[in-house]
Amino acid sequence: STLFDTLLRPTITAAARSERIKQTSQRWSVTEKVVRRFVPGETLDDVLAAIRGELDDGLAVTIDFLGEDTVDESQADATVAAYVSLLEAMPGLGPVRPGALEVSVKLTALGQRLPEHGAKIAEENARTIAAAAHQAAALITIDAEDHATVDERLAIVRSLRQDFPEVGTVLQAYLRRTEADCAEFAATGARIRLCKGAYAEPPAVAYPDRRQVDEAYLRCLRILMKGNGYPMVASHDPTMIEEASIIAAEFDRAPGTWEHQMLYGIRVDEQRRLVESGARVRVYIPYGTEWYGYFVRRLAERPANLGFFLRALAG
Ligand code: FDA
């Protein structure tokens with residue numbers, strides 16, 4: 001593993017948890033300029049404009065109202081209200097291709113970590129958002145967070161899918177358990193977003209080196225493509241992108257039965273190239289004021305992003 005992995009990644013990830021660094025950083029205006037590359041704005045109008053831009057270019061979207069790890073029930077309620085307002089505003093975008101609109105939701109933003117009944121509150125909140133999404137003809141996917149939250153999240157997803165079968169979730173290839181989770185969800189026809197994983201995890205639960213993670217990603221992808229579900233290939237990695245089409249063809253998947261996904265601001269040209277080649281591509285767009293945790297994970301996963309940040313600070 002590289003110096004970046006051993007030294008910088010843990011430092012940055014630890015920094016993400018520091019309230020003091022967070023407050024300082026959020027005051028730096030130069031940081032804000034850099035953040036804008038990954039987060040198009042803080043308001044509903046900002047995100048609606050970004051959605052419009054992606055749809056006009058032939059992409060689909062998934063929207064993340066930023067926030068995570070709340071231990072304040074009123075903040076969880078505010079997050080639900082923000083998602084409901086967003087979903088109520090979506091029909092105003094006019095006619096869109098079916099399935100083009102989606103929201104991505106973190107259960108820890110909906111109260112999963114509240115000291116009492118956290119899981120129950122998060123599930124009820126997710127159910128409210130799923131109902132609003134259904135009303136707006138939009139999809140919903142539950143994001144993956146650190147490994148300690150996986151069992152509870154998957155239980156909530158199973159329960160939500162009884163009423164809203166289109167509820168999807170994220171599985172992280174770096175976790176040793178994920179092949180088994182892929183098999184389960186692929187068998188039940190679920191929408192599954194496969195990503196490598198973005199949290200600092202102990203080797204007991206996650207593969208420690210990149211090559212192992214890449215191999216696990218491809219094994220998981222085969223399971224999903226072979227199954228009855230809708231695989232969502234969330235990666236910027238040229239190898240994963242290329243293999244996705246190869247594996248899909250191997251299992252005779254028709255176009256439109258799976259899709260690529262990338263983050264807003266990352267490999268934008270590649271996103272357009274894939275659309276032009278006839279592939280389905282969805283862009284993950286985060287918005288809101290609570291951008292810190294999201295932004296730091298983007299810096300930690302790629303030295304080039306960090307370089308971009310440091311150059312902007314210096315200049
Ligand atoms: P990785 O970072 O391994 O990079 C591999 C290669 O991709 C690089 O060598 C380079 O060639 C190319 N590349 C990557 N970034 C590039 C850039 N900025 N410019 C040019 N080339 C670049 N994680 C999580 O834990 N829970 C979640 O819920 C989600 N959700 C999610 C949704 C979506 C739509 C995406 C795309 C990703 C996530 N993730 C996530 C994040 C994910 O786990 C992972 O951290 C990042 O996607 C980075 O991994 P990649 O597979 O993209 O490539």
# chains A, B, ... in the order shown; residues from 1 in each chain; ligands from 1
call {"tool": "residues_around", "arguments": {"residues": "Asp56 (chain A)", "least_positions_apart": "3", "cutoff": "12 Å", "atoms": "only C-alpha atoms", "output": "number ranges by chain"}}
result
A: 49-53, 59-61, 93-97, 100, 272, 275
call {"tool": "closest_atom_pairs", "arguments": {"of": "chain A", "to": "ligand 1", "cutoff": "6 Å", "atoms": "only C-alpha atoms and all ligand atoms", "output": "Markdown table"}}
result
| residue | atom | partner | partner_atom_place_in_ligand_line | distance |
| --- | --- | --- | --- | --- |
| A:Asp143 | CA | ligand 1 | 28 (O) | 3.7 |
| A:Ala144 | CA | ligand 1 | 28 (O) | 3.9 |
| A:Glu145 | CA | ligand 1 | 26 (N) | 5.4 |
| A:Val170 | CA | ligand 1 | 28 (O) | 5.3 |
| A:Cys195 | CA | ligand 1 | 43 (O) | 4.5 |
| A:Lys196 | CA | ligand 1 | 43 (O) | 4.2 |
| A:Gly197 | CA | ligand 1 | 43 (O) | 3.1 |
| A:Ala198 | CA | ligand 1 | 45 (O) | 3.8 |
| A:Tyr199 | CA | ligand 1 | 25 (O) | 5.6 |
| A:Ala234 | CA | ligand 1 | 36 (C) | 4.1 |
| A:Ser235 | CA | ligand 1 | 51 (O) | 3.7 |
| A:His236 | CA | ligand 1 | 52 (O) | 3.7 |
| A:Asp237 | CA | ligand 1 | 7 (O) | 3.1 |
| A:Pro238 | CA | ligand 1 | 7 (O) | 5.8 |
| A:Gln261 | CA | ligand 1 | 34 (C) | 4.6 |
| A:Met262 | CA | ligand 1 | 36 (C) | 3.7 |
| A:Leu263 | CA | ligand 1 | 36 (C) | 4.7 |
| A:Ile266 | CA | ligand 1 | 18 (N) | 4.7 |
| A:Arg267 | CA | ligand 1 | 19 (N) | 5.1 |
| A:Tyr284 | CA | ligand 1 | 34 (C) | 4.9 |
| A:Glu301 | CA | ligand 1 | 2 (O) | 5.4 |
| A:Arg302 | CA | ligand 1 | 2 (O) | 6.0 |
call {"tool": "write_last_selection", "arguments": {"atoms": "C-alpha atoms", "output": "compact mmCIF listing (two decimals), in the first residue's frame"}}
result
# COMPACT_ATOMS: atom_id res chain seq x y z
CA ASP A 143 -26.49 4.64 1.19
CA ALA A 144 -23.91 2.42 2.91
CA GLU A 145 -22.01 3.85 5.87
CA VAL A 170 -25.54 0.16 -1.53
CA CYS A 195 -19.24 0.56 -4.80
CA LYS A 196 -15.74 -0.16 -3.48
CA GLY A 197 -16.38 1.53 -0.10
CA ALA A 198 -15.22 4.85 1.31
CA TYR A 199 -14.83 4.44 5.10
CA ALA A 234 -20.88 2.85 -8.97
CA SER A 235 -17.23 3.35 -9.89
CA HIS A 236 -14.93 5.74 -11.73
CA ASP A 237 -12.38 2.99 -12.25
CA PRO A 238 -11.79 2.26 -15.97
CA GLN A 261 -23.07 5.59 -11.62
CA MET A 262 -20.49 8.25 -10.84
CA LEU A 263 -20.18 11.15 -8.46
CA ILE A 266 -15.69 13.27 -11.10
CA ARG A 267 -14.79 12.04 -14.62
CA TYR A 284 -24.80 11.24 -7.62
CA GLU A 301 -9.85 8.31 -1.70
CA ARG A 302 -7.70 10.05 -4.27
call {"tool": "select_by_dssp", "arguments": {"residues": "region 25-213 of chain A", "states": "strand (DSSP E)", "output": "PyMOL selection string"}}
result
chain A and resi 60-65+101-105+139-142+168-172+191-195
call {"tool": "write_last_selection", "arguments": {"atoms": "C-alpha atoms", "output": "PDB file, in the first residue's frame"}}
result
ATOM      1  CA  ALA A  60     -30.038  10.283 -14.743  1.00  0.00           C
ATOM      2  CA  VAL A  61     -29.504  11.645 -11.221  1.00  0.00           C
ATOM      3  CA  THR A  62     -29.557  10.616  -7.599  1.00  0.00           C
ATOM      4  CA  ILE A  63     -29.687  13.357  -4.991  1.00  0.00           C
ATOM      5  CA  ASP A  64     -28.122  13.315  -1.534  1.00  0.00           C
ATOM      6  CA  PHE A  65     -29.230  15.950   0.976  1.00  0.00           C
ATOM      7  CA  LEU A 101     -34.860  10.741 -10.750  1.00  0.00           C
ATOM      8  CA  GLU A 102     -33.676   9.178  -7.534  1.00  0.00           C
ATOM      9  CA  VAL A 103     -32.789  10.226  -3.989  1.00  0.00           C
ATOM     10  CA  SER A 104     -29.984   8.699  -1.920  1.00  0.00           C
ATOM     11  CA  VAL A 105     -30.481   8.617   1.828  1.00  0.00           C
ATOM     12  CA  LEU A 139     -36.570   6.045  -6.884  1.00  0.00           C
ATOM     13  CA  ILE A 140     -34.817   5.798  -3.519  1.00  0.00           C
ATOM     14  CA  THR A 141     -31.562   4.118  -2.533  1.00  0.00           C
ATOM     15  CA  ILE A 142     -30.219   3.767   1.013  1.00  0.00           C
ATOM     16  CA  GLY A 168     -32.429   0.005  -3.369  1.00  0.00           C
ATOM     17  CA  THR A 169     -29.316  -0.054  -1.261  1.00  0.00           C
ATOM     18  CA  VAL A 170     -25.544   0.162  -1.533  1.00  0.00           C
ATOM     19  CA  LEU A 171     -23.194  -2.774  -0.994  1.00  0.00           C
ATOM     20  CA  GLN A 172     -19.473  -2.095  -0.457  1.00  0.00           C
ATOM     21  CA  ARG A 191     -31.757  -2.484  -7.058  1.00  0.00           C
ATOM     22  CA  ILE A 192     -28.165  -2.722  -5.758  1.00  0.00           C
ATOM     23  CA  ARG A 193     -25.514  -0.033  -6.077  1.00  0.00           C
ATOM     24  CA  LEU A 194     -22.114  -1.690  -5.896  1.00  0.00           C
ATOM     25  CA  CYS A 195     -19.239   0.559  -4.797  1.00  0.00           C
TER      26      CYS A 195
END
call {"tool": "residues_around", "arguments": {"residues": "Gln162 (chain A)", "least_positions_apart": "3", "cutoff": "12 Å", "atoms": "only C-alpha atoms", "output": "number ranges by chain"}}
result
A: 127, 130, 155-159, 165-167, 188, 190
call {"tool": "residues_around", "arguments": {"residues": "region 123-125 of chain A", "least_positions_apart": "4", "cutoff": "7 Å", "atoms": "only C-alpha atoms", "output": "list in words"}}
result
Val80, Leu110, Ala119, Ile129 and Ile156 of chain A
call {"tool": "select_by_dssp", "arguments": {"residues": "region 49-253 of chain A", "states": "alpha helix (DSSP H)", "output": "JSON, numbers by chain"}}
result
{"A": [49, 50, 51, 52, 53, 54, 55, 56, 73, 74, 75, 76, 77, 78, 79, 80, 81, 82, 83, 84, 85, 86, 87, 88, 89, 118, 119, 120, 121, 122, 123, 124, 125, 126, 127, 128, 129, 130, 131, 132, 133, 134, 135, 150, 151, 152, 153, 154, 155, 156, 157, 158, 159, 160, 161, 162, 163, 178, 179, 180, 181, 182, 183, 184, 185, 186, 187, 210, 211, 212, 213, 214, 215, 216, 217, 218, 219, 220, 221, 222, 223, 224, 225, 226, 238, 239, 240, 241, 242, 243, 244, 245, 246, 247, 248, 249, 250]}
call {"tool": "write_last_selection", "arguments": {"atoms": "C-alpha atoms", "output": "short mmCIF file (atom, residue, chain, number, x, y, z; two decimals), in the first residue's frame"}}
result
data_model
loop_
_atom_site.label_atom_id
_atom_site.label_comp_id
_atom_site.auth_asym_id
_atom_site.auth_seq_id
_atom_site.Cartn_x
_atom_site.Cartn_y
_atom_site.Cartn_z
CA ALA A 49 -30.41 23.64 -11.53
CA ALA A 50 -27.75 20.91 -11.31
CA ILE A 51 -30.37 18.20 -11.94
CA ARG A 52 -31.64 20.09 -14.98
CA GLY A 53 -28.10 20.26 -16.38
CA GLU A 54 -27.51 16.51 -16.03
CA LEU A 55 -30.93 15.57 -17.47
CA ASP A 56 -30.31 17.87 -20.47
CA GLU A 73 -34.16 14.07 16.51
CA SER A 74 -35.16 17.51 15.24
CA GLN A 75 -32.25 17.44 12.81
CA ALA A 76 -33.41 14.06 11.52
CA ASP A 77 -36.88 15.57 11.05
CA ALA A 78 -35.35 18.49 9.15
CA THR A 79 -33.57 16.04 6.86
CA VAL A 80 -36.83 14.24 6.13
CA ALA A 81 -38.50 17.59 5.40
CA ALA A 82 -35.68 18.53 3.01
CA TYR A 83 -36.07 15.26 1.06
CA VAL A 84 -39.85 15.65 0.93
CA SER A 85 -39.52 19.25 -0.38
CA LEU A 86 -37.04 18.10 -2.99
CA LEU A 87 -39.31 15.25 -4.10
CA GLU A 88 -42.33 17.58 -4.22
CA ALA A 89 -40.33 19.95 -6.43
CA GLY A 118 -32.65 4.92 16.64
CA ALA A 119 -33.26 2.12 14.16
CA LYS A 120 -37.02 2.37 14.49
CA ILE A 121 -37.00 6.15 14.02
CA ALA A 122 -34.66 5.91 11.03
CA GLU A 123 -36.90 3.30 9.43
CA GLU A 124 -40.04 5.38 9.91
CA ASN A 125 -38.26 8.42 8.46
CA ALA A 126 -37.02 6.40 5.50
CA ARG A 127 -40.56 5.14 4.96
CA THR A 128 -41.85 8.73 4.81
CA ILE A 129 -39.23 9.56 2.16
CA ALA A 130 -39.98 6.35 0.23
CA ALA A 131 -43.68 7.28 0.14
CA ALA A 132 -42.85 10.79 -1.13
CA ALA A 133 -40.52 9.29 -3.74
CA HIS A 134 -43.25 6.90 -4.87
CA GLN A 135 -45.64 9.85 -5.20
CA VAL A 150 -24.71 -2.73 7.92
CA ASP A 151 -26.88 -5.39 9.64
CA GLU A 152 -29.37 -2.83 10.89
CA ARG A 153 -29.47 -1.07 7.51
CA LEU A 154 -30.09 -4.25 5.55
CA ALA A 155 -32.86 -5.25 7.98
CA ILE A 156 -34.49 -1.86 7.40
CA VAL A 157 -34.13 -2.21 3.62
CA ARG A 158 -35.76 -5.68 3.68
CA SER A 159 -38.64 -4.26 5.68
CA LEU A 160 -39.08 -1.17 3.45
CA ARG A 161 -39.05 -3.34 0.33
CA GLN A 162 -42.19 -5.13 1.49
CA ASP A 163 -44.09 -1.89 0.83
CA THR A 178 -20.53 -8.40 0.74
CA GLU A 179 -20.51 -11.31 -1.71
CA ALA A 180 -23.10 -13.05 0.49
CA ASP A 181 -25.19 -9.86 0.68
CA CYS A 182 -25.01 -9.51 -3.12
CA ALA A 183 -26.28 -13.07 -3.53
CA GLU A 184 -29.22 -12.43 -1.20
CA PHE A 185 -30.32 -9.16 -2.78
CA ALA A 186 -29.69 -10.27 -6.37
CA ALA A 187 -32.03 -13.21 -5.75
CA ARG A 210 -6.68 -2.23 -3.23
CA ARG A 211 -6.07 -5.25 -5.41
CA GLN A 212 -8.16 -7.43 -3.13
CA VAL A 213 -10.92 -4.84 -3.18
CA ASP A 214 -10.86 -4.69 -6.98
CA GLU A 215 -11.06 -8.49 -7.22
CA ALA A 216 -13.92 -8.58 -4.73
CA TYR A 217 -15.69 -5.86 -6.73
CA LEU A 218 -15.58 -7.99 -9.87
CA ARG A 219 -16.78 -11.10 -8.02
CA CYS A 220 -19.72 -9.11 -6.60
CA LEU A 221 -20.49 -7.62 -10.00
CA ARG A 222 -20.78 -11.10 -11.53
CA ILE A 223 -23.20 -12.16 -8.79
CA LEU A 224 -25.36 -9.07 -9.35
CA MET A 225 -25.31 -9.28 -13.16
CA LYS A 226 -26.21 -12.96 -13.02
CA PRO A 238 -11.79 2.26 -15.97
CA THR A 239 -11.36 -1.47 -15.24
CA MET A 240 -14.67 -1.76 -13.37
CA ILE A 241 -16.45 0.29 -16.06
CA GLU A 242 -15.13 -1.87 -18.88
CA GLU A 243 -15.73 -5.17 -17.08
CA ALA A 244 -19.33 -4.15 -16.30
CA SER A 245 -20.27 -4.21 -20.01
CA ILE A 246 -18.38 -7.44 -20.60
CA ILE A 247 -20.04 -9.24 -17.69
CA ALA A 248 -23.48 -7.84 -18.59
CA ALA A 249 -23.08 -9.24 -22.13
CA GLU A 250 -21.94 -12.57 -20.75
#
call {"tool": "closest_residue", "arguments": {"among": "A:His147, A:Gly189, A:Phe251, A:Asn305", "to": "Ala206 (chain A)", "atoms": "only C-alpha atoms"}}
result
A:His147
call {"tool": "closest_residue", "arguments": {"among": "A:Glu276, A:Glu68, A:Glu290, A:Glu201", "to": "Arg176 (chain A)", "atoms": "only C-alpha atoms"}}
result
A:Glu201
call {"tool": "closest_residue", "arguments": {"among": "A:Arg298, A:Leu114, A:Pro208, A:Gly99", "to": "Glu259 (chain A)", "atoms": "only C-alpha atoms"}}
result
A:Gly99
